[in-house]
$ cat structure-v4.tsv   # TSV, C-alpha atoms and all ligand atoms
chain	number	residue	atom	x	y	z
I	1	MET	CA	-14.09	-16.74	-41.07
I	2	ILE	CA	-15.76	-17.19	-37.68
I	3	PHE	CA	-12.97	-15.22	-36.08
I	4	GLN	CA	-13.56	-12.32	-38.46
I	5	ILE	CA	-17.27	-12.30	-37.65
I	6	VAL	CA	-16.56	-12.32	-33.90
I	7	LEU	CA	-14.04	-9.51	-34.20
I	8	VAL	CA	-16.26	-7.34	-36.37
I	9	THR	CA	-19.29	-7.94	-34.14
I	10	PHE	CA	-17.26	-7.03	-31.08
I	11	ALA	CA	-15.93	-3.87	-32.72
I	12	LEU	CA	-19.43	-2.82	-33.79
I	13	PHE	CA	-20.73	-3.49	-30.30
I	14	ALA	CA	-17.93	-1.41	-28.76
I	15	ALA	CA	-18.59	1.38	-31.26
I	16	THR	CA	-22.30	1.54	-30.38
I	17	ARG	CA	-21.39	1.69	-26.67
I	18	THR	CA	-19.23	4.72	-27.36
I	19	VAL	CA	-22.00	6.37	-29.35
I	20	LYS	CA	-24.37	5.76	-26.46
I	21	GLN	CA	-21.93	7.32	-24.03
I	22	PHE	CA	-21.56	10.27	-26.37
I	23	ARG	CA	-25.33	10.70	-26.52
I	24	ALA	CA	-25.50	10.56	-22.73
I	25	GLN	CA	-22.82	13.26	-22.68
I	26	LYS	CA	-20.31	11.04	-20.93
I	27	VAL	CA	-17.61	11.39	-23.60
I	28	SER	CA	-16.66	14.28	-25.83
I	29	LEU	CA	-16.99	14.29	-29.60
I	30	HIS	CA	-13.21	14.18	-29.75
I	31	TRP	CA	-13.03	10.85	-27.91
I	32	LEU	CA	-15.99	9.48	-29.83
I	33	LEU	CA	-13.99	10.03	-33.03
I	34	VAL	CA	-10.77	8.62	-31.56
I	35	TRP	CA	-12.44	5.45	-30.32
I	36	ASN	CA	-14.60	4.82	-33.32
I	37	GLY	CA	-11.67	5.54	-35.64
I	38	LEU	CA	-9.81	2.81	-33.78
I	39	TRP	CA	-12.70	0.37	-34.08
I	40	ALA	CA	-12.96	1.20	-37.79
I	41	VAL	CA	-9.30	0.22	-38.19
I	42	VAL	CA	-9.98	-3.03	-36.31
I	43	ILE	CA	-12.90	-3.83	-38.63
I	44	GLY	CA	-10.84	-2.93	-41.68
I	45	VAL	CA	-7.96	-5.18	-40.66
I	46	ALA	CA	-10.37	-7.98	-39.72
I	47	LEU	CA	-12.03	-7.93	-43.15
I	48	TRP	CA	-8.85	-7.38	-45.20
I	49	PRO	CA	-6.10	-9.01	-43.10
I	50	THR	CA	-3.38	-8.36	-45.66
I	51	SER	CA	-3.87	-4.60	-45.30
I	52	ALA	CA	-1.88	-4.65	-42.07
I	53	ASP	CA	1.02	-6.43	-43.70
I	54	PHE	CA	2.12	-3.11	-45.14
I	55	VAL	CA	2.63	-1.66	-41.65
I	56	ALA	CA	4.28	-4.87	-40.48
I	57	HIS	CA	6.77	-4.72	-43.33
I	58	LEU	CA	7.69	-1.20	-42.33
I	59	VAL	CA	8.98	-2.46	-38.98
I	60	GLY	CA	10.47	-5.65	-40.40
I	61	ILE	CA	7.79	-8.16	-39.46
I	62	GLY	CA	6.32	-10.53	-42.05
I	63	ARG	CA	2.60	-10.43	-41.35
I	64	GLY	CA	0.20	-7.85	-39.96
I	65	ALA	CA	-1.35	-10.46	-37.66
I	66	ASP	CA	2.05	-11.17	-36.12
I	67	LEU	CA	2.65	-7.47	-35.56
I	68	ALA	CA	-0.71	-7.18	-33.79
I	69	LEU	CA	0.19	-10.14	-31.59
I	70	TYR	CA	3.63	-8.81	-30.64
I	71	VAL	CA	2.30	-5.37	-29.87
I	72	SER	CA	-0.51	-6.72	-27.71
I	73	VAL	CA	1.85	-8.99	-25.73
I	74	VAL	CA	4.11	-6.04	-24.95
I	75	VAL	CA	1.18	-3.80	-24.06
I	76	LEU	CA	-0.35	-6.47	-21.81
I	77	ALA	CA	2.96	-7.24	-20.08
I	78	TYR	CA	3.43	-3.57	-19.34
I	79	ALA	CA	-0.16	-3.22	-18.12
I	80	VAL	CA	0.29	-6.15	-15.72
I	81	PHE	CA	3.52	-4.66	-14.42
I	82	ARG	CA	1.87	-1.31	-13.79
I	83	LEU	CA	-1.05	-2.98	-12.04
I	84	PHE	CA	1.34	-4.88	-9.84
I	85	VAL	CA	3.10	-1.73	-8.75
I	86	ARG	CA	-0.14	0.16	-8.23
I	87	GLN	CA	-1.54	-2.70	-6.18
I	88	GLU	CA	1.54	-2.70	-3.97
I	89	GLU	CA	1.30	1.05	-3.50
I	90	THR	CA	-2.34	0.71	-2.57
I	91	GLN	CA	-1.50	-1.96	0.01
I	92	ARG	CA	1.12	0.28	1.56
I	93	ASP	CA	-1.28	3.20	1.62
I	94	ILE	CA	-3.86	1.07	3.42
I	95	THR	CA	-1.26	0.10	6.00
I	96	LYS	CA	-0.34	3.75	6.54
I	97	LEU	CA	-3.97	4.63	7.05
I	98	VAL	CA	-4.60	1.74	9.44
I	99	ARG	CA	-1.47	2.73	11.37
I	100	LYS	CA	-2.54	6.35	11.57
I	101	ILE	CA	-5.93	5.38	12.98
I	102	ALA	CA	-4.36	2.95	15.45
I	103	LEU	CA	-1.98	5.63	16.74
I	104	ARG	CA	-4.76	8.22	16.94
I	105	ASP	CA	-7.29	6.06	18.73
I	106	VAL	CA	-5.00	4.43	21.28
I	107	ASP	CA	-6.52	4.18	24.73
I	108	GLU	CA	-3.87	5.41	27.13
I	109	SER	CA	-6.00	5.38	30.27
I	110	LYS	CA	-4.93	2.53	32.47
D	1	MET	CA	17.26	2.65	30.17
D	2	LYS	CA	13.68	2.84	29.01
D	3	ILE	CA	12.98	-0.58	27.50
D	4	ILE	CA	9.68	-1.09	25.67
D	5	ALA	CA	8.52	-4.53	24.56
D	6	ILE	CA	6.38	-4.51	21.45
D	7	ILE	CA	4.15	-7.48	20.75
D	8	PRO	CA	2.23	-8.04	17.51
D	9	ALA	CA	-0.76	-10.22	18.25
D	10	PHE	CA	-3.31	-11.93	16.08
D	11	ASN	CA	-5.95	-14.11	17.72
D	12	GLU	CA	-3.90	-14.72	20.85
D	13	GLU	CA	-6.66	-14.26	23.43
D	14	SER	CA	-5.72	-17.38	25.37
D	15	ARG	CA	-1.99	-16.65	25.55
D	16	ILE	CA	-1.49	-12.89	25.43
D	17	ALA	CA	-2.18	-12.07	29.09
D	18	ALA	CA	0.49	-14.42	30.42
D	19	VAL	CA	2.93	-13.13	27.80
D	20	VAL	CA	2.31	-9.49	28.73
D	21	ARG	CA	2.82	-10.24	32.42
D	22	ASP	CA	5.96	-12.27	31.71
D	23	ALA	CA	7.50	-9.51	29.59
D	24	SER	CA	6.40	-6.74	31.98
D	25	SER	CA	8.75	-7.87	34.72
D	26	PHE	CA	11.76	-7.19	32.48
D	27	VAL	CA	10.78	-3.93	30.71
D	28	SER	CA	9.39	-0.46	31.45
D	29	GLY	CA	6.34	-0.86	29.22
D	30	VAL	CA	4.55	-3.28	26.95
D	31	VAL	CA	2.81	-2.26	23.71
D	32	VAL	CA	0.53	-4.79	22.04
D	33	VAL	CA	-0.77	-4.32	18.52
D	34	ASP	CA	-4.00	-6.21	18.07
D	35	ASP	CA	-4.05	-6.78	14.35
D	36	CYS	CA	-7.81	-7.00	13.90
D	37	SER	CA	-8.11	-10.23	15.84
D	38	ARG	CA	-11.46	-11.96	15.73
D	39	ASP	CA	-11.19	-12.87	19.42
D	40	ASN	CA	-10.72	-10.84	22.58
D	41	THR	CA	-6.97	-10.34	22.30
D	42	ALA	CA	-7.19	-6.58	22.90
D	43	ASN	CA	-9.04	-6.80	26.20
D	44	ALA	CA	-6.92	-9.66	27.47
D	45	ALA	CA	-3.77	-7.66	26.75
D	46	ARG	CA	-5.17	-4.47	28.27
D	47	SER	CA	-6.20	-6.11	31.51
D	48	ALA	CA	-2.75	-7.66	31.80
D	49	GLY	CA	-1.37	-4.11	31.79
D	50	ALA	CA	-0.31	-3.52	28.19
D	51	THR	CA	-1.01	-0.44	26.08
D	52	VAL	CA	-3.07	-1.73	23.17
D	53	LEU	CA	-3.10	-0.32	19.64
D	54	ARG	CA	-5.63	-1.74	17.27
D	55	HIS	CA	-5.37	-2.19	13.50
D	56	ALA	CA	-8.84	-1.83	12.00
D	57	ILE	CA	-7.78	-4.15	9.17
D	58	ASN	CA	-5.36	-7.06	9.47
D	59	ARG	CA	-2.05	-5.84	8.05
D	60	GLY	CA	0.39	-8.51	9.18
D	61	GLN	CA	3.14	-8.92	11.71
D	62	GLY	CA	5.60	-6.54	10.01
D	63	ALA	CA	3.03	-3.77	9.80
D	64	ALA	CA	2.13	-4.26	13.46
D	65	LEU	CA	5.78	-4.06	14.53
D	66	GLN	CA	6.18	-0.79	12.66
D	67	THR	CA	3.04	0.68	14.26
D	68	ALA	CA	4.22	-0.30	17.73
D	69	THR	CA	7.73	1.00	17.03
D	70	GLU	CA	6.41	4.42	16.10
D	71	TYR	CA	4.33	4.51	19.24
D	72	ALA	CA	7.20	3.38	21.46
D	73	LEU	CA	9.62	5.90	19.97
D	74	ASN	CA	7.39	8.93	19.62
D	75	ARG	CA	4.99	8.61	22.53
D	76	LEU	CA	6.87	6.60	25.11
D	77	GLY	CA	10.39	7.82	24.40
D	78	ALA	CA	11.75	4.29	24.23
D	79	GLU	CA	15.52	3.91	24.34
D	80	VAL	CA	15.42	0.21	23.60
D	81	VAL	CA	12.70	-1.60	21.64
D	82	VAL	CA	12.27	-5.34	22.10
D	83	HIS	CA	10.38	-7.42	19.53
D	84	PHE	CA	8.46	-10.13	21.36
D	85	ASP	CA	5.88	-12.72	20.28
D	86	ALA	CA	2.38	-12.99	21.66
D	87	ASP	CA	2.10	-16.75	21.67
D	88	GLY	CA	4.23	-17.63	24.67
D	89	GLN	CA	7.06	-19.15	22.68
D	90	MET	CA	9.57	-16.58	23.93
D	91	GLN	CA	10.72	-16.20	27.51
D	92	GLY	CA	10.69	-12.84	29.26
D	93	CYS	CA	13.76	-13.89	31.25
D	94	ASP	CA	15.80	-13.79	28.01
D	95	ILE	CA	15.12	-10.04	27.64
D	96	PRO	CA	17.92	-8.74	29.93
D	97	ALA	CA	20.58	-10.70	28.03
D	98	MET	CA	19.12	-9.48	24.73
D	99	VAL	CA	19.21	-5.86	25.83
D	100	GLU	CA	22.65	-5.96	27.46
D	101	PRO	CA	24.75	-5.37	24.28
D	102	ILE	CA	22.73	-2.22	23.63
D	103	GLU	CA	23.07	-0.97	27.20
D	104	THR	CA	26.83	-1.38	27.07
D	105	GLY	CA	26.91	0.26	23.64
D	106	ALA	CA	28.36	-2.84	22.01
D	107	ALA	CA	25.62	-3.14	19.39
D	108	ASP	CA	22.68	-1.32	17.79
D	109	VAL	CA	20.72	-4.47	17.05
D	110	VAL	CA	20.61	-7.75	18.97
D	111	LEU	CA	19.12	-10.72	17.15
D	112	GLY	CA	17.86	-13.73	19.05
D	113	SER	CA	19.07	-17.11	17.85
D	114	ARG	CA	17.60	-20.49	18.55
D	115	PHE	CA	20.80	-22.22	17.53
D	116	LEU	CA	23.41	-20.57	19.72
D	117	GLY	CA	24.05	-22.91	22.59
D	118	LYS	CA	20.68	-23.00	24.27
D	119	LYS	CA	18.61	-26.02	23.52
D	120	THR	CA	15.23	-26.02	21.83
D	121	ASN	CA	12.86	-28.80	21.01
D	122	MET	CA	12.47	-27.53	17.45
D	123	PRO	CA	11.09	-30.13	15.04
D	124	MET	CA	13.28	-31.50	12.26
D	125	ALA	CA	11.23	-30.03	9.40
D	126	ARG	CA	11.71	-26.55	10.84
D	127	ARG	CA	15.45	-27.05	11.12
D	128	VAL	CA	15.61	-27.84	7.41
D	129	VAL	CA	13.53	-24.80	6.50
D	130	ASN	CA	15.73	-22.66	8.70
D	131	ARG	CA	18.91	-23.92	7.04
D	132	LEU	CA	17.49	-23.05	3.62
D	133	ALA	CA	16.47	-19.65	4.94
D	134	GLN	CA	20.01	-19.12	6.15
D	135	TRP	CA	21.47	-19.65	2.66
D	136	PHE	CA	18.74	-17.56	1.10
D	137	THR	CA	19.54	-14.71	3.49
D	138	VAL	CA	23.25	-14.81	2.66
D	139	ALA	CA	22.34	-14.58	-1.02
D	140	ILE	CA	19.78	-11.82	-0.61
D	141	SER	CA	21.10	-9.63	2.20
D	142	GLY	CA	24.74	-10.69	2.43
D	143	ILE	CA	24.46	-11.27	6.15
D	144	ARG	CA	25.36	-14.57	7.78
D	145	LEU	CA	23.22	-15.43	10.78
D	146	THR	CA	22.77	-18.66	12.67
D	147	ASP	CA	19.03	-17.98	12.82
D	148	THR	CA	17.34	-15.83	10.19
D	149	HIS	CA	13.74	-15.93	11.30
D	150	CYS	CA	13.71	-15.67	15.03
D	151	GLY	CA	11.33	-12.86	15.90
D	152	PHE	CA	13.14	-12.03	19.15
D	153	ARG	CA	15.13	-8.80	18.71
D	154	ALA	CA	16.35	-5.80	20.64
D	155	LEU	CA	16.94	-2.49	18.90
D	156	SER	CA	18.55	0.69	20.14
D	157	ARG	CA	16.50	3.83	19.66
D	158	LYS	CA	18.70	4.81	16.73
D	159	ALA	CA	18.31	1.40	15.09
D	160	ALA	CA	14.55	1.40	15.63
D	161	GLN	CA	14.36	4.79	13.91
D	162	GLU	CA	16.39	3.63	10.94
D	163	LEU	CA	14.85	0.20	10.41
D	164	THR	CA	11.53	1.26	8.93
D	165	ILE	CA	9.55	-1.86	8.09
D	166	THR	CA	7.53	-1.63	4.89
D	167	LEU	CA	7.07	-5.34	4.26
D	168	ASP	CA	3.85	-5.91	6.14
D	169	GLY	CA	3.88	-9.68	6.32
D	170	MET	CA	6.36	-12.16	7.69
D	171	ALA	CA	9.04	-11.03	5.23
D	172	HIS	CA	9.83	-8.10	7.53
D	173	ALA	CA	12.51	-10.26	9.16
D	174	SER	CA	14.47	-10.26	5.91
D	175	GLN	CA	13.92	-6.57	5.45
D	176	ILE	CA	15.36	-5.88	8.89
D	177	GLN	CA	18.45	-7.92	8.03
D	178	ASP	CA	18.76	-6.03	4.75
D	179	LEU	CA	18.57	-2.68	6.47
D	180	ILE	CA	21.10	-3.70	9.11
D	181	VAL	CA	23.59	-4.14	6.27
D	182	VAL	CA	22.50	-1.08	4.28
D	183	ARG	CA	22.56	1.26	7.29
D	184	ARG	CA	25.76	-0.34	8.62
D	185	LEU	CA	24.31	-1.01	12.05
D	186	ARG	CA	26.32	-3.04	14.53
D	187	TYR	CA	24.61	-6.31	15.35
D	188	VAL	CA	25.19	-9.38	17.48
D	189	GLU	CA	23.31	-12.63	17.95
D	190	ARG	CA	22.33	-13.87	21.37
D	191	PRO	CA	20.96	-17.28	22.31
D	192	VAL	CA	17.28	-17.43	23.23
D	193	THR	CA	14.98	-20.24	24.21
D	194	ILE	CA	11.95	-20.75	22.03
D	195	VAL	CA	9.38	-23.23	23.26
D	196	TYR	CA	7.52	-25.34	20.74
D	197	SER	CA	4.24	-26.56	22.14
D	198	ALA	CA	1.69	-28.59	20.23
D	199	GLU	CA	-0.58	-25.57	20.34
D	200	THR	CA	1.81	-23.15	18.65
D	201	LEU	CA	2.88	-25.72	16.10
D	202	ALA	CA	-0.69	-26.38	15.06
D	203	LYS	CA	-1.21	-22.66	14.62
D	204	SER	CA	1.52	-21.92	12.09
D	205	PRO	CA	2.29	-24.20	9.15
D	206	SER	CA	5.81	-22.88	8.74
D	207	SER	CA	6.93	-24.71	5.61
D	208	MET	CA	4.14	-23.27	3.52
D	209	ARG	CA	4.72	-19.86	4.98
D	210	ALA	CA	8.33	-19.96	3.83
D	211	PHE	CA	7.07	-19.75	0.25
D	212	ALA	CA	4.98	-16.70	1.03
D	213	ILE	CA	8.00	-15.03	2.60
D	214	VAL	CA	10.23	-15.76	-0.39
D	215	LYS	CA	7.53	-14.45	-2.71
D	216	ASP	CA	7.23	-11.19	-0.75
D	217	ILE	CA	10.97	-10.67	-0.74
D	218	LEU	CA	11.38	-11.30	-4.46
D	219	LYS	CA	8.43	-9.09	-5.27
D	220	ASP	CA	9.98	-6.33	-3.24
D	221	LYS	CA	13.45	-6.78	-4.74
D	222	LEU	CA	12.51	-7.26	-8.37
D	223	ILE	CA	9.38	-5.32	-8.99
D	224	THR	CA	8.06	-2.86	-6.49
D	225	ARG	CA	11.29	-1.13	-5.69
D	226	VAL	CA	12.14	-0.24	-9.30
I	301	LIG	N1	0.07	-8.26	13.95
I	301	LIG	C1	0.02	-9.51	13.52
I	301	LIG	N2	0.66	-10.43	14.22
I	301	LIG	C2	0.61	-11.68	13.78
I	301	LIG	C3	-0.08	-12.08	12.61
I	301	LIG	N3	0.09	-13.41	12.46
I	301	LIG	C4	0.85	-13.80	13.50
I	301	LIG	N4	1.15	-12.76	14.31
I	301	LIG	C5	1.92	-12.73	15.55
I	301	LIG	O1	3.27	-12.90	15.25
I	301	LIG	C6	3.88	-13.69	16.23
I	301	LIG	C7	4.52	-14.89	15.60
I	301	LIG	O2	3.56	-15.61	14.91
I	301	LIG	P1	3.62	-17.16	14.80
I	301	LIG	O3	2.47	-17.57	13.95
I	301	LIG	O4	3.73	-17.75	16.17
I	301	LIG	O5	4.98	-17.37	13.99
I	301	LIG	P2	6.26	-18.24	14.37
I	301	LIG	O6	6.41	-18.24	15.84
I	301	LIG	O7	7.35	-17.54	13.65
I	301	LIG	O8	6.00	-19.60	13.81
I	301	LIG	C8	2.80	-14.02	17.25
I	301	LIG	O9	2.91	-13.09	18.30
I	301	LIG	C9	1.52	-13.82	16.47
I	301	LIG	O10	0.46	-13.44	17.30
I	301	LIG	C10	-0.77	-11.06	11.89
I	301	LIG	O11	-1.41	-11.28	10.87
I	301	LIG	N5	-0.67	-9.80	12.39
I	302	MG	MG	5.07	-18.45	17.31
$ encode --input "structure-v4.tsv" --output "structure tokens" --more "lines below"
Ligand SMILES: Nc1nc2c(ncn2[C@@H]2O[C@H](COP(=O)(O)OP(=O)(O)O)[C@@H](O)[C@H]2O)c(=O)[nH]1
Ligand SMILES: [Mg+2]
Amino acid sequence: MIFQIVLVTFALFAATRTVKQFRAQKVSLHWLLVWNGLWAVVIGVALWPTSADFVAHLVGIGRGADLALYVSVVVLAYAVFRLFVRQEETQRDITKLVRKIALRDVDESK
Amino acid sequence: MKIIAIIPAFNEESRIAAVVRDASSFVSGVVVVDDCSRDNTANAARSAGATVLRHAINRGQGAALQTATEYALNRLGAEVVVHFDADGQMQGCDIPAMVEPIETGAADVVLGSRFLGKKTNMPMARRVVNRLAQWFTVAISGIRLTDTHCGFRALSRKAAQELTITLDGMAHASQIQDLIVVRRLRYVERPVTIVYSAETLAKSPSSMRAFAIVKDILKDKLITRV
């Protein structure tokens, strides 16, 4: 029960943020609809948890909640992996830049 | 042959000048990379006669070696590049013997070894770490060396061009060994004397650093290179 309230409150909060951004002309109507459609689904599933079971059954998983958990673990694992690679690339770019400056600014007068 | 010593240095103000002078008597030029030291390493090195390159952000020993290598190859026309430490643990008088296999054309890369004949006063804990490193290196790079993490090396111009170091930290030593195998370079080991003073030992807690090196290597092997 508490969990449902937290989830719905969070979704409503996120939805109002998107509306605000739309008003401030930071996002297009298109993305306002995409995001708020998503939050509507979240609210729907939070209030009627069994509604997601239908989708879960389609892919051979017993409960909608389990499906949501599996999907989020995979998405998070992939996100962490991507971040890791990006971070490494950024580090290498910094080194290249530092090297370039060092080679450019060398004082050869002796 | 034009021999250039390259010396990565980080907070070595008190030692670098003597090291530059020591190395200078055995090479045609000395390039020091001051890796954003907080002390006066750059000036000390410059007044001892070295060309000093400065990293505006600390990037690590591997990164500094690569910077100095590019300078030595492209601006100084180096024919031999010698990797040398800034903390006085290596002896300039070992340089001629290190370079000799390259001058005679017997090898592309000469790797210094602390365990070939010459005696060192290396502490027991370091010997153990080094033995583990040796096995690890066989497993990772497929190259069997008596000493896997001695920073003393001599590279022919060709080898220096091919061994591009992208691992910025201490793991560059493993990367060099990897590339020696991948690029099929001819290598030999030569004995060198490494001095362990209380000062240098206090500076680098080697056993902990071994973990950082292993982490960098695995990260490179398993994740970043995919
Ligand atoms: N460029 C650069 N050099 C470093 C850094 N840390 C250590 N060094 C240098 O690398 C060399 C070897 O470092 P040291 O701590 O003595 O390692 P050890 O002799 O292998 O135990 C010395 O010349 C140091 O000045 C760093 O962060 N950047
Ligand atoms: Mg040292």
$ residues_around --input "structure-v4.tsv" --residues "I:Asp107" --least-positions-apart "2" --cutoff "10 Å" --atoms "only C-alpha atoms" --output "PyMOL selection string"
(chain I and resi 102-105+109-110) or (chain D and resi 46+51-54)
$ interface_residues --input "structure-v4.tsv" --of "chain D" --to "chain I" --cutoff "9 Å" --atoms "only C-alpha atoms" --output "compact mmCIF listing (two decimals) with C-alpha atoms, in the frame of the given file"
# COMPACT_ATOMS: atom_id res chain seq x y z
CA VAL D 33 -0.77 -4.32 18.52
CA ARG D 46 -5.17 -4.47 28.27
CA SER D 47 -6.20 -6.11 31.51
CA GLY D 49 -1.37 -4.11 31.79
CA ALA D 50 -0.31 -3.52 28.19
CA THR D 51 -1.01 -0.44 26.08
CA VAL D 52 -3.07 -1.73 23.17
CA LEU D 53 -3.10 -0.32 19.64
CA ARG D 54 -5.63 -1.74 17.27
CA HIS D 55 -5.37 -2.19 13.50
CA ALA D 56 -8.84 -1.83 12.00
CA ILE D 57 -7.78 -4.15 9.17
CA ASN D 58 -5.36 -7.06 9.47
CA ARG D 59 -2.05 -5.84 8.05
CA ALA D 63 3.03 -3.77 9.80
CA ALA D 64 2.13 -4.26 13.46
CA GLN D 66 6.18 -0.79 12.66
CA THR D 67 3.04 0.68 14.26
CA ALA D 68 4.22 -0.30 17.73
CA GLU D 70 6.41 4.42 16.10
CA TYR D 71 4.33 4.51 19.24
CA THR D 166 7.53 -1.63 4.89
CA LEU D 167 7.07 -5.34 4.26
CA ASP D 168 3.85 -5.91 6.14
CA ILE D 223 9.38 -5.32 -8.99
CA THR D 224 8.06 -2.86 -6.49
CA ARG D 225 11.29 -1.13 -5.69
$ residues_near_point --input "structure-v4.tsv" --point "(-0.3, -12.5, 6.1)" --cutoff "12 Å" --atoms "all atoms listed in the file" --output "JSON, numbers by chain"
{"D": [10, 35, 57, 58, 59, 60, 61, 62, 63, 64, 167, 168, 169, 170, 171, 172, 204, 208, 209, 210, 211, 212, 213, 215, 216]}
$ residues_near_ligand --input "structure-v4.tsv" --ligand "ligand MG 302 (chain I)" --cutoff "7 Å" --atoms "only C-alpha atoms and all ligand atoms" --output "list in words"
Asp85, Asp87, Gln89 and Thr200 of chain D
$ residues_around --input "structure-v4.tsv" --residues "D:Leu116" --least-positions-apart "6" --cutoff "10 Å" --atoms "only C-alpha atoms" --output "JSON, numbers by chain"
{"D": [146, 147, 189, 190, 191, 192, 193]}
$ atom_distance --input "structure-v4.tsv" --atom1 "atom CA of D:Ile176" --atom2 "atom O6 of ligand LIG 301 (chain I)"
16.8 Å
$ atom_distance --input "structure-v4.tsv" --atom1 "atom CA of D:Trp135" --atom2 "atom CA of D:Met122"
19.0 Å
$ residues_near_point --input "structure-v4.tsv" --point "(19.4, -4.8, 18.5)" --cutoff "7 Å" --atoms "all atoms listed in the file" --output "ChimeraX atom specification"
/D:102,107-111,153-156,187
$ atom_distance --input "structure-v4.tsv" --atom1 "atom CA of I:Ile61" --atom2 "atom CA of I:Val73"
15.0 Å
$ build_atoms --input "structure-v4.tsv" --residues "stretch 91-110 of chain D" --atoms "N, CA and C atoms" --output "short mmCIF file (atom, residue, chain, number, x, y, z; two decimals), in the coordinates of the input"
data_model
loop_
_atom_site.label_atom_id
_atom_site.label_comp_id
_atom_site.auth_asym_id
_atom_site.auth_seq_id
_atom_site.Cartn_x
_atom_site.Cartn_y
_atom_site.Cartn_z
N GLN D 91 10.66 -16.29 26.06
CA GLN D 91 10.72 -16.20 27.51
C GLN D 91 11.15 -14.80 27.93
N GLY D 92 10.35 -14.18 28.78
CA GLY D 92 10.69 -12.84 29.26
C GLY D 92 12.08 -12.80 29.88
N CYS D 93 12.48 -13.89 30.54
CA CYS D 93 13.76 -13.89 31.25
C CYS D 93 14.95 -13.81 30.29
N ASP D 94 14.71 -13.97 28.98
CA ASP D 94 15.80 -13.79 28.01
C ASP D 94 16.01 -12.30 27.69
N ILE D 95 15.05 -11.46 28.04
CA ILE D 95 15.12 -10.04 27.64
C ILE D 95 16.38 -9.34 28.15
N PRO D 96 16.73 -9.46 29.45
CA PRO D 96 17.92 -8.74 29.93
C PRO D 96 19.18 -9.06 29.13
N ALA D 97 19.39 -10.32 28.80
CA ALA D 97 20.58 -10.70 28.03
C ALA D 97 20.52 -10.14 26.62
N MET D 98 19.29 -10.03 26.07
CA MET D 98 19.12 -9.48 24.73
C MET D 98 19.45 -7.99 24.70
N VAL D 99 19.07 -7.31 25.79
CA VAL D 99 19.21 -5.86 25.83
C VAL D 99 20.64 -5.43 26.20
N GLU D 100 21.34 -6.30 26.89
CA GLU D 100 22.65 -5.96 27.46
C GLU D 100 23.64 -5.37 26.44
N PRO D 101 23.79 -5.96 25.24
CA PRO D 101 24.75 -5.37 24.28
C PRO D 101 24.40 -3.93 23.89
N ILE D 102 23.12 -3.59 23.96
CA ILE D 102 22.73 -2.22 23.63
C ILE D 102 23.06 -1.29 24.80
N GLU D 103 22.79 -1.78 26.02
CA GLU D 103 23.07 -0.97 27.20
C GLU D 103 24.56 -0.66 27.33
N THR D 104 25.39 -1.62 26.99
CA THR D 104 26.83 -1.38 27.07
C THR D 104 27.35 -0.65 25.85
N GLY D 105 26.48 -0.44 24.84
CA GLY D 105 26.91 0.26 23.64
C GLY D 105 27.68 -0.62 22.67
N ALA D 106 27.61 -1.93 22.87
CA ALA D 106 28.36 -2.84 22.01
C ALA D 106 27.67 -3.09 20.68
N ALA D 107 26.35 -2.86 20.63
CA ALA D 107 25.62 -3.14 19.39
C ALA D 107 24.40 -2.24 19.27
N ASP D 108 23.93 -2.06 18.03
CA ASP D 108 22.68 -1.32 17.79
C ASP D 108 21.50 -2.27 17.71
N VAL D 109 21.78 -3.49 17.22
CA VAL D 109 20.72 -4.47 17.05
C VAL D 109 21.17 -5.80 17.64
N VAL D 110 20.31 -6.42 18.43
CA VAL D 110 20.61 -7.75 18.97
C VAL D 110 19.56 -8.71 18.43
#
